[in-house]
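Enquirer: One structure, as structure tokens, below. Some questions next.
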Amino acid sequence: MLSRTAVVIPALNEERSIGKVLGEIPEPFSRRVVVADNGSKDNTVAVARGAGATVVHEPQLGYGAACLRALEHLKDDPPEVVLFIDGDFSDYPSEMPEVAAPLLRGEADLVIGSRVLGNREKGALLPQARFGNILATFLMRVIYRTRFTDLGPFRGITWEALERIRMEDRDFGWTVEMQIKAAKHNLRSTEVPVSYRKRIGKSKVSGTVRGTFLAGKKILWLIFREAFSR
Ligand SMILES: Nc1nc2c(ncn2[C@@H]2O[C@H](COP(=O)(O)OP(=O)(O)O)[C@@H](O)[C@H]2O)c(=O)[nH]1
Ligand SMILES: [Mg+2]
């Protein structure tokens, strides 16, 4: 029997961590896992395939572009719930049951795994990420009346909700767009605490000046743009 859920993992050059992430995904979530690759130059694809994941390829770089490609792949036989988790082993795949539970029980449409509410290894969430989170969640609270504490990558959403919100951001705005649109569509959003540790390998986003700047700019832009569009 096919699982009610599918897991999507955007991954770019994560050969050292992707196998660990895949290896720790518990049943039944491990039955359907899609790794969204953006032309990794290392062994990410081979390691992911070897661990039993389906690998899809998106030629255009970008976190959101990769996620959209994975959803496109799932469209033919959509799951009830999609879980997203990063490929760097910062999140704990073993916590998938807690993230998925409110969705599978029909009590929520979107669940954000909050690293702020959960156990964080010291130094895992970089100061710039922490600051960005505080600013973004504050603005969202004021503008959209949301109560999020994090824009964490580890999250789950129902397929029905995904169809309603029509995700389109192709890079750093992916996480915040999902949360804002969920609020604008009056979907039921909730958070569960998740653990977070230092990643394996090098950060491409919050650990680089360029990534931090581009992500910060995009996130703020989306928060304001969405306030003025229906
Ligand atoms: N497919 C794809 N994955 C990406 C891209 N940029 C980052 N990622 C993945 O997204 C996740 C988060 O990136 P990461 O470097 O850990 O950013 P950080 O969490 O801010 O340090 C990791 O699994 C990366 O491999 C991208 O352009 N394409
Ligand atoms: Mg990371």
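As shown in the structure tokens, the chain order sets the letters A, B, ...; within each chain, residues go from 1, and ligands are also counted from 1 in the order they appear.
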Tell me which protein, DNA and RNA residues are within 12 Å of Pro102 of chain A, counting only C-alpha atoms, leaving out same-chain ones fewer than 3 positions away, and put them as a PyMOL selection string.
Expert: chain A and resi 81+96-99+105-113+155-158+188-192
Enquirer: Could you take the residues named above and write them with C-alpha atoms, as a PDB file, in the first residue's frame?
Expert:
```
ATOM      1  CA  VAL A  81       0.478  15.071   2.986  1.00  0.00           C
ATOM      2  CA  MET A  96       8.573  13.178  11.236  1.00  0.00           C
ATOM      3  CA  PRO A  97       5.727  11.482  13.097  1.00  0.00           C
ATOM      4  CA  GLU A  98       5.298  14.568  15.310  1.00  0.00           C
ATOM      5  CA  VAL A  99       5.365  16.966  12.345  1.00  0.00           C
ATOM      6  CA  ARG A 105      -5.395  13.629  12.036  1.00  0.00           C
ATOM      7  CA  GLY A 106      -7.047  16.303   9.904  1.00  0.00           C
ATOM      8  CA  GLU A 107      -6.434  18.967  12.542  1.00  0.00           C
ATOM      9  CA  ALA A 108      -4.136  21.233  10.531  1.00  0.00           C
ATOM     10  CA  ASP A 109      -3.365  22.148   6.932  1.00  0.00           C
ATOM     11  CA  LEU A 110       0.193  23.338   7.540  1.00  0.00           C
ATOM     12  CA  VAL A 111       2.628  22.345  10.287  1.00  0.00           C
ATOM     13  CA  ILE A 112       5.887  24.213  10.756  1.00  0.00           C
ATOM     14  CA  GLY A 113       8.656  22.488  12.666  1.00  0.00           C
ATOM     15  CA  ARG A 155       7.449  21.195   7.746  1.00  0.00           C
ATOM     16  CA  GLY A 156       4.397  19.432   6.440  1.00  0.00           C
ATOM     17  CA  ILE A 157       1.398  20.491   4.398  1.00  0.00           C
ATOM     18  CA  THR A 158      -1.624  18.740   2.955  1.00  0.00           C
ATOM     19  CA  ARG A 188      -5.141  26.058   9.773  1.00  0.00           C
ATOM     20  CA  SER A 189      -1.462  26.461  10.608  1.00  0.00           C
ATOM     21  CA  THR A 190       0.290  25.190  13.667  1.00  0.00           C
ATOM     22  CA  GLU A 191       3.819  24.613  14.925  1.00  0.00           C
ATOM     23  CA  VAL A 192       5.482  21.699  16.631  1.00  0.00           C
TER      24      VAL A 192
END
```
Enquirer: Around ligand 2, out to 9 Å and counting only C-alpha atoms and all ligand atoms, which residues are there? I want them as a ChimeraX atom specification.
Expert: /A:86-91,124-125,153,198-200,202-207
Enquirer: Would you write out those residues with C-alpha atoms, as a PDB file, in the first residue's frame?
Expert:
```pdb
ATOM      1  CA  ASP A  86      16.595  19.674   4.277  1.00  0.00           C
ATOM      2  CA  GLY A  87      19.316  17.385   3.025  1.00  0.00           C
ATOM      3  CA  ASP A  88      22.037  18.656   5.359  1.00  0.00           C
ATOM      4  CA  PHE A  89      21.140  16.549   8.430  1.00  0.00           C
ATOM      5  CA  SER A  90      20.409  19.627  10.562  1.00  0.00           C
ATOM      6  CA  ASP A  91      16.870  18.431  11.175  1.00  0.00           C
ATOM      7  CA  ALA A 124      23.231  25.490  14.879  1.00  0.00           C
ATOM      8  CA  LEU A 125      20.911  28.397  14.119  1.00  0.00           C
ATOM      9  CA  PRO A 153      12.568  24.111   6.465  1.00  0.00           C
ATOM     10  CA  LYS A 198      24.849  21.941  13.145  1.00  0.00           C
ATOM     11  CA  ARG A 199      24.777  20.825   9.534  1.00  0.00           C
ATOM     12  CA  ILE A 200      27.245  18.455   7.918  1.00  0.00           C
ATOM     13  CA  LYS A 202      28.987  23.871   4.112  1.00  0.00           C
ATOM     14  CA  SER A 203      25.941  26.111   4.309  1.00  0.00           C
ATOM     15  CA  LYS A 204      24.718  27.640   1.057  1.00  0.00           C
ATOM     16  CA  VAL A 205      22.245  30.069   2.527  1.00  0.00           C
ATOM     17  CA  SER A 206      22.463  31.483   6.050  1.00  0.00           C
ATOM     18  CA  GLY A 207      26.124  30.602   6.399  1.00  0.00           C
TER      19      GLY A 207
END
```
Enquirer: Excluding Thr54 of chain A and residues on its chain fewer than 2 positions from it, collect all residues at most 7 Å away from it, counting only C-alpha atoms, and give them as a list in words.
Expert: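 Once the adjacent positions are removed, what remains is Val33, Val34, Val35, Arg49, Gly52 and Val56 of chain A.
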Enquirer: Using only C-alpha atoms, find each residue of segment 104-158 of chain A with at least one atom at most 9 Å away from an atom of segment 224-229 of chain A; report its shortest atom-to-atom pair and that distance in Å (one decimal), sort the rows by chain and rising residue number, and return the result as CSV.
Expert:
```
residue,atom,partner,partner_atom,distance
A:Leu139,CA,A:Phe224,CA,9.0
A:Ile143,CA,A:Ala227,CA,7.1
A:Tyr144,CA,A:Ala227,CA,7.9
```
Enquirer: Could the residues in this selection be saved with N, CA and C atoms as a PDB file, in the first residue's frame?
Expert:
```pdb
ATOM      1  N   LEU A 139       6.866  40.680  11.720  1.00  0.00           N
ATOM      2  CA  LEU A 139       6.128  41.363  10.652  1.00  0.00           C
ATOM      3  C   LEU A 139       4.899  40.559  10.225  1.00  0.00           C
ATOM      4  N   ILE A 143       1.121  41.904  10.238  1.00  0.00           N
ATOM      5  CA  ILE A 143       0.412  42.061   8.966  1.00  0.00           C
ATOM      6  C   ILE A 143      -0.632  40.971   8.741  1.00  0.00           C
ATOM      7  N   TYR A 144      -0.282  39.739   9.052  1.00  0.00           N
ATOM      8  CA  TYR A 144      -1.159  38.609   8.706  1.00  0.00           C
ATOM      9  C   TYR A 144      -1.790  37.937   9.921  1.00  0.00           C
TER      10      TYR A 144
END
```
Enquirer: Can you tell me which residues surround segment 75-78 of chain A at a distance of at most 12 Å, considering only C-alpha atoms, apart from same-chain residues fewer than 6 positions away, and format the answer as a list in words?
Expert: Leu2, Ser3, Arg4, Thr5, Ala6, Val7, Arg32, Leu68, Arg69, Thr158, Trp159, Glu160, Leu162 and Glu163 of chain A
Enquirer: For the selection just defined, write its residues with N, CA and C atoms to a file, as a short mmCIF file (atom, residue, chain, number, x, y, z; two decimals), in the first residue's frame.
Expert:
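The resulting file, result.cif, is shown below:
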```cif
data_model
loop_
_atom_site.label_atom_id
_atom_site.label_comp_id
_atom_site.auth_asym_id
_atom_site.auth_seq_id
_atom_site.Cartn_x
_atom_site.Cartn_y
_atom_site.Cartn_z
N LEU A 2 0.47 2.22 -0.77
CA LEU A 2 1.25 3.45 -0.83
C LEU A 2 1.02 4.26 0.44
N SER A 3 2.07 4.92 0.87
CA SER A 3 1.98 5.73 2.07
C SER A 3 1.07 6.94 1.82
N ARG A 4 0.46 7.44 2.87
CA ARG A 4 -0.36 8.65 2.73
C ARG A 4 0.49 9.90 2.58
N THR A 5 1.79 9.73 2.83
CA THR A 5 2.67 10.89 2.81
C THR A 5 3.77 10.73 1.77
N ALA A 6 4.36 11.85 1.40
CA ALA A 6 5.58 11.83 0.60
C ALA A 6 6.54 12.83 1.24
N VAL A 7 7.82 12.54 1.15
CA VAL A 7 8.84 13.42 1.71
C VAL A 7 9.59 14.06 0.55
N ARG A 32 8.07 6.78 0.46
CA ARG A 32 8.00 7.65 -0.72
C ARG A 32 8.80 8.92 -0.47
N LEU A 68 9.44 22.79 -6.24
CA LEU A 68 8.36 22.78 -7.24
C LEU A 68 8.50 21.59 -8.18
N ARG A 69 9.73 21.29 -8.57
CA ARG A 69 9.97 20.14 -9.45
C ARG A 69 9.53 18.85 -8.77
N THR A 158 -0.77 19.67 3.69
CA THR A 158 -1.62 18.74 2.96
C THR A 158 -1.57 19.07 1.46
N TRP A 159 -1.85 18.09 0.66
CA TRP A 159 -1.85 18.30 -0.79
C TRP A 159 -2.96 19.30 -1.15
N GLU A 160 -4.08 19.16 -0.46
CA GLU A 160 -5.20 20.07 -0.71
C GLU A 160 -4.79 21.52 -0.47
N LEU A 162 -1.74 22.71 -0.60
CA LEU A 162 -0.78 23.09 -1.65
C LEU A 162 -1.51 23.51 -2.92
N GLU A 163 -2.58 22.81 -3.24
CA GLU A 163 -3.34 23.17 -4.44
C GLU A 163 -4.00 24.52 -4.29
#
```
Enquirer: Please determine, counting only C-alpha atoms, which residue among A:Arg31, A:Arg141, A:Arg210, A:Lys181 has the shortest atom-to-atom distance to Pro79 of chain A.
Expert: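 Of A:Arg31, A:Arg141, A:Arg210, A:Lys181, the one nearest Pro79 of chain A is A:Arg31, counting only C-alpha atoms.
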Enquirer: Enumerate, as a VMD selection string, the complete set of residues in segment 59-158 of chain A that a backbone-based DSSP assignment places in helix (DSSP H, G or I).
Expert: chain A and resid 63 to 74 93 to 104 127 to 144
